[in-house]
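Structure, as structure tokens:
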Amino acid sequence: MINADLARAFERIADLMEITGGDRFRVNSYRRVSRTIGDLTDDIADIAARGKLTDLPGVGKGTADRIAQFLETGTIDVLDDLESRLPVGLPELLSIPGMGPKKVAAVHEKLGVGGTDDLKRVIESGELANLPGFGETSVKRIADGIAFLETSGGRTALGIAQPLAEAQAERVAGIRGVKRVAVAGSLRRGAETIGDVDLLCEASNGREVVEAFVNAAVVKRVLASGDTKGSVTVESPDRRELQIDLRVVPAESYGAALQYFTGSKEHNVRLRELAVNRKWRLNEYGLFDGETRLAGATEEEIYARLGLPCFPPELREDRGEFEDPGCVDDLLDLSDIRGDLHVHTIASDGMATIEEMAKAAKALGYKYIAICDHSKSSAIANGLSTERMERHIEDIRAVERKLKGIAVLVGCEVDILSDGSLDYPDDILRECDLVTASIHFGMQGAKTSPTRRTLAAMENPYVNIIGHPTGRLLGQRPPMDVDMAAIVKGAAESGTALEINAAWARLDLKDIHVRQAIDAGAMLAVCTDAHSTGGLATIGYGVTTARRGRAAKRHVLNARPLGRVRQWLAGKRDR
DNA sequence: GCCGTTTTCGGCCCGACTGTTTTCAGTCG
């Protein structure tokens, strides 16, 4: 898909236009278009071919023409013009903390800086400190900003940031005068990666709280420290620097502040527009009619005054929640999950036995668990040969007979081979209660289309679930180049479910693909792919991802009772 | 550049912190 390239082109136009002092509303307009295109699950070329470009939010006649030009020629006149006048490395300077469009323009015009390396050079030579508007503190902040970017390595995975944020929240809760603390921001929304951690607390002695927050041994750098706001960096478990922001508010503003700092920015803009339409004003202190506070103590009352349900944080992305507010009523909840359909044991590369995994699942309140170890081609994961698999099936049946209160299903995670065939013969698959089929190798090969392989696997009557459909590992491995529209259609037509792999390094399907699958009528399964008993607890990340895709209970196979799961599985074999 | 049941023109979200051009512009979220 060309979507990502096009989204980047519009983002560059916005960056360069902002640096050249272009109208900020036009700049915003380009940014909005970039995001719209980046979030699309359909190929923009298809939308263009159907003549539906101007149906996209924020896309008017002018933008439609630019998109058409890009699709035709691979370039956009506006971008070409900007790039012919400005160095290609200029936009990257905007991502340095402390560098905004005005400062970027200044270093470019006055010192000829065209990228990060140039900027480092003029900092070291002392030229930057001589520039009007760049005092000693500013220069240090920018130098720190460059160092921060180099050690932060971009965004942090949800599963790494979550425990760290909870520890920081606990630290804040211990500061004198603090009544309550909440984690806000993208972490509260369950975004797959987060840029920084946003904390909120209630206290009346803001200055003291912020001082205690920034003056702690764990703090590496202090970025800001005021009466209501403090900003620091700490070292994350993966040895990178992570920014933590704290806001202090009084009780009457707590809900407004929580709403505000949870975001997303796009969601908040929509919300504030609704307030403005009623001649009100919404900010982090409350919802106001003139000087009168209409709401602010809780999020619920703010949304209620604006005639909306209190959207769960996962939905607050302006990706359709305002158009479909009813979706909150039957949204999937963690408590709806009745079993895990993808776990491993010591038979392949897991750490626990069948019985240990089953007992751990029972302890979570599950009614069933499917044991899905690797097939023989995943040699590195100690995949089971046909003979070992036959014995393994007997072992699972034995545990099933022994344990009460939980059903232990025979499953396997069978490899989808490069030609689309499966790693076990049908004779073995037929013996399983449930089969998950996954691609583990040949992911990037141009010769073997992952889309074709996946669709071929779905045609097998014994394959019930496609495991981690894009194969991505956040920050490590890009997703396979799959045609998701074809995959979700194939899944719906063949009666095959698509996995939402809950491992936080995977989250695969991701949120927008979840929505795409639902729209296509495909079934979903939220599974942990746990390799240990502790791994079962990561189901929450999968549920969060499902919720971000506005999944309801009815869309998720393992939110059903066992009888109905078996019924659904049998449905495909009986076709 | 987009958008419209107060609109086809005139709007487009709002406030904290910081440094320094010492009264506010720039940056950030």
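As shown in the structure tokens, the chain order sets the letters A, B, ...; within each chain, residues go from 1, and ligands are also counted from 1 in the order they appear.
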Excluding Ala379 of chain A and its own-chain neighbours fewer than 2 positions away, which residues fall within 12 Å of it when counting only C-alpha atoms (C1' of nucleotides)? Please give them as a PDB file with N, CA and C atoms, in the first residue's frame.
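Heads up, here's the output in around29.pdb:
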```
ATOM      1  N   SER A 348       7.058 -27.875  23.416  1.00  0.00           N
ATOM      2  CA  SER A 348       7.829 -27.150  22.387  1.00  0.00           C
ATOM      3  C   SER A 348       8.710 -26.127  23.110  1.00  0.00           C
ATOM      4  N   ASP A 349       8.402 -24.836  23.043  1.00  0.00           N
ATOM      5  CA  ASP A 349       9.316 -23.844  23.639  1.00  0.00           C
ATOM      6  C   ASP A 349       8.742 -23.136  24.863  1.00  0.00           C
ATOM      7  N   ASP A 373       1.062 -26.108  20.762  1.00  0.00           N
ATOM      8  CA  ASP A 373       2.511 -26.074  20.608  1.00  0.00           C
ATOM      9  C   ASP A 373       2.908 -26.031  19.140  1.00  0.00           C
ATOM     10  N   HIS A 374       4.212 -25.734  18.937  1.00  0.00           N
ATOM     11  CA  HIS A 374       4.710 -25.540  17.572  1.00  0.00           C
ATOM     12  C   HIS A 374       4.803 -26.848  16.794  1.00  0.00           C
ATOM     13  N   SER A 375       4.722 -26.725  15.475  1.00  0.00           N
ATOM     14  CA  SER A 375       4.871 -27.883  14.597  1.00  0.00           C
ATOM     15  C   SER A 375       6.336 -28.046  14.178  1.00  0.00           C
ATOM     16  N   LYS A 376       6.637 -29.128  13.468  1.00  0.00           N
ATOM     17  CA  LYS A 376       8.019 -29.579  13.302  1.00  0.00           C
ATOM     18  C   LYS A 376       8.951 -28.593  12.592  1.00  0.00           C
ATOM     19  N   SER A 377       8.426 -27.786  11.670  1.00  0.00           N
ATOM     20  CA  SER A 377       9.312 -26.879  10.936  1.00  0.00           C
ATOM     21  C   SER A 377       9.875 -25.759  11.804  1.00  0.00           C
ATOM     22  N   ALA A 381      12.113 -23.628  17.844  1.00  0.00           N
ATOM     23  CA  ALA A 381      11.185 -23.593  18.973  1.00  0.00           C
ATOM     24  C   ALA A 381      10.859 -25.016  19.440  1.00  0.00           C
ATOM     25  N   ASN A 382      11.697 -25.980  19.054  1.00  0.00           N
ATOM     26  CA  ASN A 382      11.499 -27.374  19.455  1.00  0.00           C
ATOM     27  C   ASN A 382      10.142 -27.883  18.989  1.00  0.00           C
ATOM     28  N   GLY A 383       9.786 -27.541  17.751  1.00  0.00           N
ATOM     29  CA  GLY A 383       8.496 -27.952  17.201  1.00  0.00           C
ATOM     30  C   GLY A 383       8.351 -29.468  17.169  1.00  0.00           C
ATOM     31  N   LEU A 384       7.118 -29.935  17.348  1.00  0.00           N
ATOM     32  CA  LEU A 384       6.872 -31.367  17.476  1.00  0.00           C
ATOM     33  C   LEU A 384       6.762 -32.071  16.128  1.00  0.00           C
ATOM     34  N   SER A 385       7.489 -33.178  15.984  1.00  0.00           N
ATOM     35  CA  SER A 385       7.344 -34.023  14.807  1.00  0.00           C
ATOM     36  C   SER A 385       5.954 -34.647  14.842  1.00  0.00           C
ATOM     37  N   ASP A 415       2.709 -24.511  11.423  1.00  0.00           N
ATOM     38  CA  ASP A 415       3.355 -23.554  10.523  1.00  0.00           C
ATOM     39  C   ASP A 415       2.704 -23.541   9.154  1.00  0.00           C
ATOM     40  N   ASP A 423       2.205 -27.637   7.951  1.00  0.00           N
ATOM     41  CA  ASP A 423       3.337 -28.418   8.435  1.00  0.00           C
ATOM     42  C   ASP A 423       2.924 -29.785   9.002  1.00  0.00           C
ATOM     43  N   HIS A 440       5.903 -18.329  10.438  1.00  0.00           N
ATOM     44  CA  HIS A 440       7.051 -18.043  11.307  1.00  0.00           C
ATOM     45  C   HIS A 440       8.331 -17.807  10.521  1.00  0.00           C
ATOM     46  N   PHE A 441       8.338 -18.184   9.264  1.00  0.00           N
ATOM     47  CA  PHE A 441       9.549 -17.928   8.475  1.00  0.00           C
ATOM     48  C   PHE A 441       9.181 -17.592   7.034  1.00  0.00           C
TER      49      PHE A 441
END
```
If you take only C-alpha atoms (C1' of nucleotides) and a cut-off of 10 Å, which residues of chain B touch chain A, and what are their nearest atom pairs and distances in Å to one decimal, in chain and number order, as a Markdown table?
```
| residue | atom | partner | partner_atom | distance |
| --- | --- | --- | --- | --- |
| B:DG1 | C1' | A:Arg26 | CA | 5.0 |
| B:DC2 | C1' | A:Gly58 | CA | 5.9 |
| B:DC3 | C1' | A:Gly58 | CA | 8.6 |
| B:DT6 | C1' | A:Asn277 | CA | 9.5 |
| B:DC12 | C1' | A:Phe25 | CA | 6.7 |
| B:DC13 | C1' | A:Val269 | CA | 5.7 |
| B:DC14 | C1' | A:Asn283 | CA | 6.1 |
| B:DG15 | C1' | A:Asn283 | CA | 7.7 |
| B:DA16 | C1' | A:Lys229 | CA | 7.3 |
| B:DC17 | C1' | A:Gly226 | CA | 6.8 |
| B:DT18 | C1' | A:Ala224 | CA | 8.3 |
| B:DG19 | C1' | A:Ser138 | CA | 7.3 |
| B:DT20 | C1' | A:Gly133 | CA | 7.3 |
| B:DT21 | C1' | A:Gly133 | CA | 7.0 |
| B:DA25 | C1' | A:Lys102 | CA | 9.8 |
| B:DG26 | C1' | A:Gly100 | CA | 7.3 |
| B:DT27 | C1' | A:Gly100 | CA | 6.1 |
| B:DC28 | C1' | A:Gly98 | CA | 8.5 |
| B:DG29 | C1' | A:Phe261 | CA | 8.2 |
```
Looking only at strand (DSSP E or B) from DSSP on the backbone, list the matching residues of segment 105-207 of chain A as a PyMOL selection string. chain A and resi 156-157+180-183+193-194+197-202
Could the residues in this selection be saved with C-alpha atoms as a PDB file, in the first residue's frame?
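This went into result_32.pdb:
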```
ATOM      1  CA  THR A 156       8.310   2.708  24.199  1.00  0.00           C
ATOM      2  CA  ALA A 157       6.262  -0.492  24.089  1.00  0.00           C
ATOM      3  CA  ARG A 180      -4.939  10.522  44.485  1.00  0.00           C
ATOM      4  CA  VAL A 181      -2.936   9.738  41.376  1.00  0.00           C
ATOM      5  CA  ALA A 182      -3.860   8.516  37.914  1.00  0.00           C
ATOM      6  CA  VAL A 183      -1.968   7.440  34.828  1.00  0.00           C
ATOM      7  CA  THR A 193       3.564   2.320  21.985  1.00  0.00           C
ATOM      8  CA  ILE A 194       3.807   5.461  24.063  1.00  0.00           C
ATOM      9  CA  VAL A 197       4.165   8.888  30.634  1.00  0.00           C
ATOM     10  CA  ASP A 198       1.501  11.364  31.798  1.00  0.00           C
ATOM     11  CA  LEU A 199       0.618  11.370  35.472  1.00  0.00           C
ATOM     12  CA  LEU A 200      -2.093  13.382  37.171  1.00  0.00           C
ATOM     13  CA  CYS A 201      -2.593  13.978  40.881  1.00  0.00           C
ATOM     14  CA  GLU A 202      -4.908  15.859  43.180  1.00  0.00           C
TER      15      GLU A 202
END
```
Can you pull out every residue within 10 Å of segment 514-518 of chain A, counting only C-alpha atoms (C1' of nucleotides), but drop anything in the same chain fewer than 2 positions away, and send it as a PyMOL selection string? chain A and resi 40-42+484-485+487-489+491-492+497-500+508-512+520-524+545-552+555-556
